[in-house]
Structure formats: C-alpha cells, structure tokens
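Text of upload_25.txt, listed as compact mmCIF, C-alpha atoms:
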```
# COMPACT_ATOMS: atom_id res chain seq x y z
CA MET B 2 -4.05 -21.19 13.38
CA ALA B 3 -0.38 -21.39 12.47
CA TYR B 4 -1.32 -22.80 9.05
CA ALA B 5 -3.47 -19.73 8.38
CA PHE B 6 -0.47 -17.51 9.11
CA TYR B 7 1.82 -19.39 6.74
CA ILE B 8 -0.76 -19.51 3.93
CA ALA B 9 -1.41 -15.77 4.27
CA SER B 10 2.33 -15.04 4.29
CA LEU B 11 2.80 -17.10 1.14
CA ILE B 12 -0.04 -15.24 -0.58
CA ALA B 13 1.44 -11.89 0.46
CA ILE B 14 4.88 -12.80 -0.88
CA VAL B 15 3.58 -14.27 -4.15
CA ALA B 16 1.33 -11.25 -4.77
CA THR B 17 4.21 -8.86 -3.99
CA ILE B 18 6.47 -10.67 -6.46
CA ARG B 19 3.76 -10.25 -9.07
CA VAL B 20 3.59 -6.53 -8.22
CA ILE B 21 7.25 -5.83 -8.86
CA THR B 22 7.43 -8.01 -11.97
CA GLY B 23 4.15 -6.83 -13.51
CA THR B 24 4.07 -4.92 -16.75
CA HIS B 25 0.66 -3.29 -16.59
CA ALA B 26 0.24 -0.88 -13.71
CA VAL B 27 -3.41 -1.85 -13.19
CA HIS B 28 -2.54 -5.53 -12.83
CA ALA B 29 0.21 -4.63 -10.38
CA LEU B 30 -2.29 -2.58 -8.37
CA LEU B 31 -4.68 -5.54 -8.32
CA TYR B 32 -1.96 -7.82 -6.98
CA PHE B 33 -0.90 -5.20 -4.46
CA VAL B 34 -4.45 -5.03 -3.09
CA VAL B 35 -4.36 -8.83 -2.71
CA SER B 36 -1.04 -8.51 -0.89
CA LEU B 37 -2.52 -5.89 1.45
CA LEU B 38 -5.50 -8.13 2.22
CA ALA B 39 -3.14 -11.01 3.00
CA ILE B 40 -1.11 -8.77 5.33
CA ALA B 41 -4.35 -7.69 7.01
CA THR B 42 -5.09 -11.39 7.60
CA ILE B 43 -1.65 -11.76 9.18
CA PHE B 44 -2.42 -8.80 11.46
CA LEU B 45 -5.67 -10.46 12.52
CA ILE B 46 -3.88 -13.73 13.27
CA MET B 47 -1.20 -11.82 15.18
CA GLY B 48 -3.88 -10.43 17.48
CA ALA B 49 -4.05 -6.89 16.08
CA PRO B 50 -7.65 -6.55 14.79
CA PHE B 51 -7.54 -2.73 14.82
CA ALA B 52 -4.45 -2.63 12.62
CA ALA B 53 -6.06 -5.20 10.29
CA ALA B 54 -9.14 -3.00 9.89
CA LEU B 55 -6.96 0.07 9.26
CA GLU B 56 -4.92 -1.85 6.68
CA VAL B 57 -8.07 -2.74 4.71
CA ILE B 58 -9.84 0.60 5.08
CA ILE B 59 -6.97 3.07 4.64
CA TYR B 60 -4.37 1.16 2.62
CA ALA B 61 -6.47 -1.07 0.36
CA GLY B 62 -9.37 1.35 0.40
CA ALA B 63 -8.07 4.90 0.29
CA ILE B 64 -4.44 4.83 -0.88
CA MET B 65 -4.98 2.25 -3.61
CA VAL B 66 -8.06 4.14 -4.85
CA LEU B 67 -5.81 7.22 -5.11
CA PHE B 68 -3.44 5.17 -7.29
CA VAL B 69 -6.35 4.00 -9.45
CA PHE B 70 -7.54 7.61 -9.89
CA VAL B 71 -4.11 8.64 -11.11
CA MET B 72 -4.04 5.72 -13.54
CA MET B 73 -7.41 6.85 -14.86
CA MET B 74 -6.06 10.38 -15.37
CA LEU B 75 -3.00 9.07 -17.21
CA ASN B 76 -4.98 6.90 -19.65
CA PRO B 77 -7.87 8.93 -21.01
CA GLY B 78 -9.65 8.67 -24.36
CA PRO B 79 -11.23 5.94 -26.50
CA ARG B 80 -7.90 4.12 -26.72
CA SER B 81 -8.32 2.99 -23.12
CA VAL B 82 -11.76 1.46 -23.83
CA ARG B 83 -10.29 -0.84 -26.45
CA ARG B 84 -7.47 -1.72 -24.11
CA GLU B 85 -9.97 -2.42 -21.36
CA GLN B 86 -11.69 -4.94 -23.61
CA GLN B 87 -8.37 -6.60 -24.22
CA TRP B 88 -7.64 -6.68 -20.52
CA LEU B 89 -10.89 -8.32 -19.47
CA THR B 90 -9.75 -11.83 -20.36
CA PRO B 91 -9.53 -14.71 -17.86
CA GLY B 92 -5.75 -14.80 -18.09
CA ILE B 93 -5.60 -11.43 -16.37
CA TRP B 94 -7.98 -11.72 -13.47
CA VAL B 95 -7.57 -15.40 -12.66
CA GLY B 96 -4.38 -14.90 -10.63
CA PRO B 97 -5.73 -12.37 -8.13
CA VAL B 98 -9.03 -14.25 -7.97
CA ILE B 99 -7.31 -17.49 -6.96
CA LEU B 100 -5.26 -15.72 -4.29
CA THR B 101 -8.27 -13.90 -2.87
CA ALA B 102 -10.32 -17.12 -2.97
CA ILE B 103 -7.70 -18.78 -0.77
CA LEU B 104 -7.85 -15.81 1.60
CA MET B 105 -11.66 -15.99 1.61
CA ALA B 106 -11.58 -19.72 2.45
CA GLU B 107 -9.14 -18.95 5.24
CA LEU B 108 -11.42 -16.23 6.59
CA ALA B 109 -14.45 -18.54 6.49
CA TRP B 110 -12.45 -21.24 8.29
CA VAL B 111 -11.35 -18.80 10.97
CA LEU B 112 -14.90 -17.49 11.45
CA THR B 113 -16.46 -20.95 11.77
CA LYS B 114 -13.74 -22.34 13.99
CA GLY B 115 -12.01 -19.57 15.85
CA GLY B 116 -14.81 -17.63 17.52
CA THR B 117 -14.99 -13.87 17.84
CA ALA B 118 -11.33 -12.93 18.01
CA GLY B 119 -10.38 -15.43 15.32
CA SER B 120 -6.98 -15.81 16.82
CA SER B 121 -5.17 -18.20 19.09
CA MET B 122 -2.80 -15.42 20.12
CA GLU B 123 -3.63 -12.83 22.71
CA THR B 124 -5.26 -9.81 21.14
CA VAL B 125 -4.27 -6.23 21.80
CA THR B 126 -7.65 -4.52 21.83
CA PRO B 127 -8.47 -1.26 20.03
CA ARG B 128 -9.24 0.16 23.46
CA ALA B 129 -5.67 -0.37 24.63
CA VAL B 130 -4.36 1.08 21.37
CA GLY B 131 -6.55 4.18 21.72
CA MET B 132 -5.63 4.72 25.35
CA THR B 133 -1.92 4.56 24.53
CA LEU B 134 -2.28 6.58 21.35
CA PHE B 135 -3.89 9.53 23.10
CA GLY B 136 -1.85 9.10 26.27
CA PRO B 137 1.93 8.79 25.99
CA TYR B 138 1.91 9.21 22.20
CA LEU B 139 -0.14 12.39 22.01
CA LEU B 140 2.80 14.40 20.68
CA GLY B 141 3.24 11.83 17.90
CA VAL B 142 -0.42 12.23 16.93
CA GLU B 143 0.04 15.98 16.66
CA MET B 144 3.17 15.54 14.56
CA ALA B 145 1.31 13.09 12.28
CA SER B 146 -1.45 15.66 11.83
CA VAL B 147 1.11 18.32 10.89
CA LEU B 148 2.65 15.85 8.41
CA LEU B 149 -0.73 15.15 6.83
CA LEU B 150 -1.39 18.89 6.59
CA ALA B 151 1.95 19.34 4.84
CA GLY B 152 1.03 16.55 2.43
CA LEU B 153 -2.33 18.18 1.74
CA VAL B 154 -0.77 21.59 1.08
CA GLY B 155 1.94 20.07 -1.11
CA ALA B 156 -0.50 18.06 -3.22
CA TYR B 157 -2.77 21.11 -3.56
CA HIS B 158 0.12 23.32 -4.62
CA LEU B 159 1.30 20.87 -7.29
CA ALA B 160 -2.23 20.24 -8.59
CA TYR B 161 -2.99 23.99 -8.73
CA HIS B 162 0.04 24.78 -10.88
CA LEU B 163 -0.61 21.69 -13.01
CA GLY B 164 -4.15 22.92 -13.75
CA ARG B 165 -2.90 26.42 -14.59
CA ARG B 166 -0.29 24.99 -16.91
CA GLN B 167 -2.77 22.75 -18.72
CA GLU B 168 -5.15 25.67 -19.17
CA ARG B 169 -2.33 27.74 -20.68
CA GLU B 170 -1.43 24.88 -23.02
CA LYS B 171 -5.06 24.54 -24.10
CA GLU B 172 -5.34 28.26 -24.85
CA GLY B 173 -2.04 28.20 -26.73
CA GLY B 174 -3.25 25.27 -28.81
CA LYS B 175 -6.41 27.16 -29.78
CA GLY B 176 -4.42 30.26 -30.74
CA THR B 177 -2.21 28.40 -33.16
CA MET L 20 3.49 -9.84 30.54
CA ASN L 21 6.94 -10.53 29.16
CA GLY L 22 6.53 -14.28 28.68
CA ILE L 23 6.03 -15.81 25.25
CA PRO L 24 2.27 -16.15 24.57
CA PRO L 25 1.21 -19.81 24.34
CA HIS L 26 0.24 -21.51 21.05
CA SER L 27 1.58 -18.68 18.99
CA ILE L 28 3.56 -18.21 15.81
CA PRO L 29 7.26 -17.63 16.51
CA MET L 30 8.24 -14.01 16.20
CA GLU L 31 11.11 -14.94 13.90
CA HIS L 32 8.73 -16.23 11.23
CA GLY L 33 6.74 -13.02 11.21
CA LEU L 34 9.94 -11.00 11.01
CA ILE L 35 11.17 -13.19 8.14
CA VAL L 36 7.96 -12.47 6.21
CA ALA L 37 8.43 -8.75 6.86
CA ALA L 38 12.06 -8.95 5.74
CA VAL L 39 11.14 -10.79 2.54
CA LEU L 40 8.49 -8.20 1.72
CA PHE L 41 10.93 -5.37 2.45
CA VAL L 42 13.61 -6.89 0.22
CA LEU L 43 11.04 -7.34 -2.54
CA GLY L 44 10.23 -3.64 -2.20
CA VAL L 45 13.92 -2.69 -2.44
CA THR L 46 14.27 -4.92 -5.50
CA GLY L 47 11.27 -3.24 -7.08
CA VAL L 48 12.78 0.22 -6.54
CA LEU L 49 16.06 -0.92 -8.06
CA ILE L 50 14.81 -2.83 -11.11
CA ARG L 51 11.83 -0.78 -12.25
CA ARG L 52 12.05 2.43 -14.25
CA ASP L 53 8.35 3.24 -14.39
CA ILE L 54 7.90 5.82 -11.64
CA LEU L 55 4.48 4.43 -10.72
CA PHE L 56 6.07 1.06 -9.92
CA VAL L 57 8.80 2.76 -7.92
CA LEU L 58 6.12 4.43 -5.79
CA LEU L 59 4.32 1.08 -5.39
CA SER L 60 7.58 -0.52 -4.25
CA LEU L 61 8.02 2.25 -1.68
CA GLU L 62 4.54 1.37 -0.42
CA ILE L 63 5.59 -2.29 -0.17
CA MET L 64 8.57 -1.29 1.96
CA LEU L 65 6.50 0.90 4.28
CA ASN L 66 4.00 -1.90 4.62
CA ALA L 67 6.71 -4.44 5.46
CA SER L 68 8.10 -2.21 8.19
CA GLY L 69 4.57 -1.87 9.57
CA LEU L 70 4.26 -5.65 9.59
CA ALA L 71 7.51 -5.90 11.56
CA PHE L 72 6.15 -3.45 14.16
CA ILE L 73 2.90 -5.42 14.48
CA VAL L 74 4.81 -8.69 14.90
CA ALA L 75 6.97 -7.17 17.63
CA GLY L 76 3.91 -5.67 19.31
CA ALA L 77 2.21 -9.09 19.28
CA ARG L 78 5.30 -10.72 20.77
CA TRP L 79 5.31 -8.48 23.83
CA LEU L 80 1.53 -7.92 23.88
CA GLN L 81 1.94 -4.16 23.88
CA PRO L 82 -0.15 -1.66 21.89
CA ASP L 83 2.95 0.32 20.88
CA GLY L 84 3.45 -1.77 17.75
CA GLN L 85 0.00 -0.93 16.43
CA ILE L 86 0.56 2.74 17.24
CA MET L 87 3.75 2.77 15.20
CA PHE L 88 1.76 1.11 12.41
CA ILE L 89 -0.77 3.95 12.55
CA PHE L 90 2.06 6.49 12.26
CA ILE L 91 3.49 4.56 9.29
CA LEU L 92 0.03 4.69 7.73
CA ALA L 93 -0.04 8.48 8.11
CA VAL L 94 3.43 8.77 6.57
CA ALA L 95 2.37 6.54 3.66
CA ALA L 96 -0.76 8.60 3.03
CA ALA L 97 1.17 11.89 2.99
CA GLU L 98 3.93 10.42 0.82
CA VAL L 99 1.47 8.96 -1.69
CA SER L 100 -0.50 12.20 -2.08
CA VAL L 101 2.61 14.26 -2.83
CA GLY L 102 4.21 11.48 -4.89
CA LEU L 103 1.20 11.00 -7.12
CA ALA L 104 0.93 14.76 -7.66
CA LEU L 105 4.58 14.74 -8.72
CA ILE L 106 3.91 11.82 -11.09
CA LEU L 107 1.06 13.76 -12.73
CA TRP L 108 3.39 16.78 -13.00
CA LEU L 109 6.14 14.67 -14.61
CA TYR L 110 3.66 13.12 -17.04
CA SER L 111 2.23 16.45 -18.15
CA TRP L 112 5.75 17.83 -18.50
CA ASN L 113 7.25 15.04 -20.59
CA ARG L 114 4.42 12.59 -21.51
CA THR L 115 6.36 9.74 -19.96
CA LEU L 116 6.62 7.88 -16.68
CA ASP L 117 10.29 7.00 -17.02
CA VAL L 118 12.18 8.03 -13.88
CA ASP L 119 15.35 8.71 -15.84
CA CYS L 120 13.60 11.57 -17.64
CA ALA L 121 13.23 13.35 -14.30
CA SER L 122 16.98 14.00 -14.31
CA LYS L 123 16.45 16.33 -17.26
CA MET L 124 14.37 18.67 -15.12
CA ARG L 125 16.09 21.97 -14.37
CA GLY L 126 14.46 24.39 -12.02
```

Rewrite the coordinates I just gave you, this time as structure tokens.
Amino acid sequence: MAYAFYIASLIAIVATIRVITGTHAVHALLYFVVSLLAIATIFLIMGAPFAAALEVIIYAGAIMVLFVFVMMMLNPGPRSVRREQQWLTPGIWVGPVILTAILMAELAWVLTKGGTAGSSMETVTPRAVGMTLFGPYLLGVEMASVLLLAGLVGAYHLAYHLGRRQEREKEGGKGT
Amino acid sequence: MNGIPPHSIPMEHGLIVAAVLFVLGVTGVLIRRDILFVLLSLEIMLNASGLAFIVAGARWLQPDGQIMFIFILAVAAAEVSVGLALILWLYSWNRTLDVDCASKMRG
C-alpha cells in the first residue's frame, strides 16, 4: 500500500508542476483536476475516505466546474470554436490521460487487493467525523455557514453590478 | 490511541508531499501574472494545507484533521466564488487578465 501512496504523491506533484507552468488556462485546469484526484487517492490511503469523497465531489466537481464556467464566459464567440479544434490534438490530452490512467490502475489494484476500506492504515470513519463535527466543533460549522453566506452575498453583489454595467455599455453602443 | 499505527506510511513523507505542493503553490503565485493562474495557485496552497491536516489526523487517528479539511473546503469555496466574480469584473473593466493592471484601479 505504501507504493500506492508514493505513486499518487508523484502524480500530484507532477500535475501541480504542470498547472503552474501551463500556458493555456484550460490545460492547467485539466492538470489541476488530475492533481486533485491524486490527492483524493492519498486521502483514501491515509484512511480518510470521507475527506477523499469530499475532495472529488466538492473540489474536483464543484469548484473546478466554477472555474470552467468562468473560462467559458471569458472566451465567447466563433474564435473559440476554431481554437477548440486546434486544442483537440493528442499532444494536449495525452498528459492528463496518462496520469489518470496510472491513478485508475492504482484504484483497480486497491479494489481487487485491499478489500472494502482499501487501506492498510486505520480508517477514521465518516461517523466519527460527523459526531465530532456536530459536537465540539458546532461553533465552527456555524462560522463556516456565515462565511459561505458572505461569499454568496459578495459574489451576487459583484455579478449584479457587472450585469448592470454591461447592459449600460450595450445601450451606449446602440446609441452611438 | 497515541501509538503509531502499524504498516503505515510515515507521517513525515505525507508532510513532505504537502510541503512540496504548498511551495509549488507559492511559486505559482509569485511567477504567474495571469490572475486566473494566481487563483489556481491559491487553491493549490489551500489544498496542500488540507493534505497536511489529513496526514496529521491519520497519524493520531483522530477525526479533527478531516474536520479542519472540511473547514478549509468551505473557505476555498467562498474564496473562489468571490475571486472569480472579481476576475470577471476585472476582465470587463480592462479586457485583460493581467494582475498588474489591477493596480490601475481607483475607487
């Protein structure tokens, strides 16, 4: 099981290096998702299955999709279609595919060999996490909810004024 | 409860991985000028600190590490929502993603 940890760590580090040295934001996002999946594998090996699931669902699922949405808003028009055709060459997707294939092989190996927990380390169950989260850390949960509400209000405020501004610009463009 | 779990990965190795990822994030913030990459590097750093908490939680077999990871996740979600809204604002204001252009903003 130690080998799985070191392979996943190597994949995470390599993918992260590709993120910070990438030139296209979409490629960097692709490598960052690979890095997140590798870190989720490390969490699973470390005996934290709940954190691994959260890493995949919230980080790789929700936050990265938010990034992709913003990229889509920044690159509209027919220009992006042509660029998309240029991007869809093997040289671009082969790197992330190789890294995820190694992760997939690791996952298959763990599932066939390791049993249900897939870990040689002791697991901290989601039950224990939940009991502690809503026991001693209840105040922290409330503070996190206030923080998320502040983030929601802030993002709404910025987006509202952005929409107003773009409408004004559009009307001004028609007038002249 | 406080003994080292048998057949496990040493805690130092997990912490080294977290440190390497964190340093990569710092490097990304310092070397990149595209504000989208700066935000991605911030995510890398938050993620690395979460990894360090999980490693420490696994070492002492306590759920506290995973709870701190959940809090980090909430912080990352809030930060990303506001940060991406600011990026859209900057782009519509100046048609660029260069962070240096943000210093020209007044009021």

Residues of chain L within 9 Å of chain B, counting all atoms listed in the file - could you list those as a PyMOL selection string? chain L and resi 24-28+32-33+36+39-40+43-44+46-48+50-51+55-57+59-60+63+66-67+70+73-74+76-78+80-83+85-86+88-90+92-108+110-111

Length of the CA of Met105 in chain B to CA of Leu38 in chain B vector [Å]: 10.0 Å

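Atom pair CA of Ala71 in chain L / CA of Leu34 in chain L has a distance of 5.7 Å (rounded to one decimal).
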
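Taking CA of Ser68 in chain L and CA of Ile35 in chain L as endpoints, the distance between them is 11.4 Å.
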
Quick one: everything within 8 Å of range 89-102 of chain B, counting only C-alpha atoms, minus sequence neighbours fewer than 3 positions away in the same chain. Send it as a PyMOL selection string. chain B and resi 12+16+28+31-32+35+85-86+105-106

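Compared by their closest atoms to Leu112 in chain B, and using all atoms listed in the file, the residues B:Leu45, B:Ile8, B:Met73, B:Gly136 rank with B:Leu45 nearest.
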
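Residue nearest Glu31 in chain L within the list L:Ala75, L:Ala121, L:Ile91, L:Leu65: L:Ala75 [criterion: smallest interatomic distance, all atoms listed in the file].
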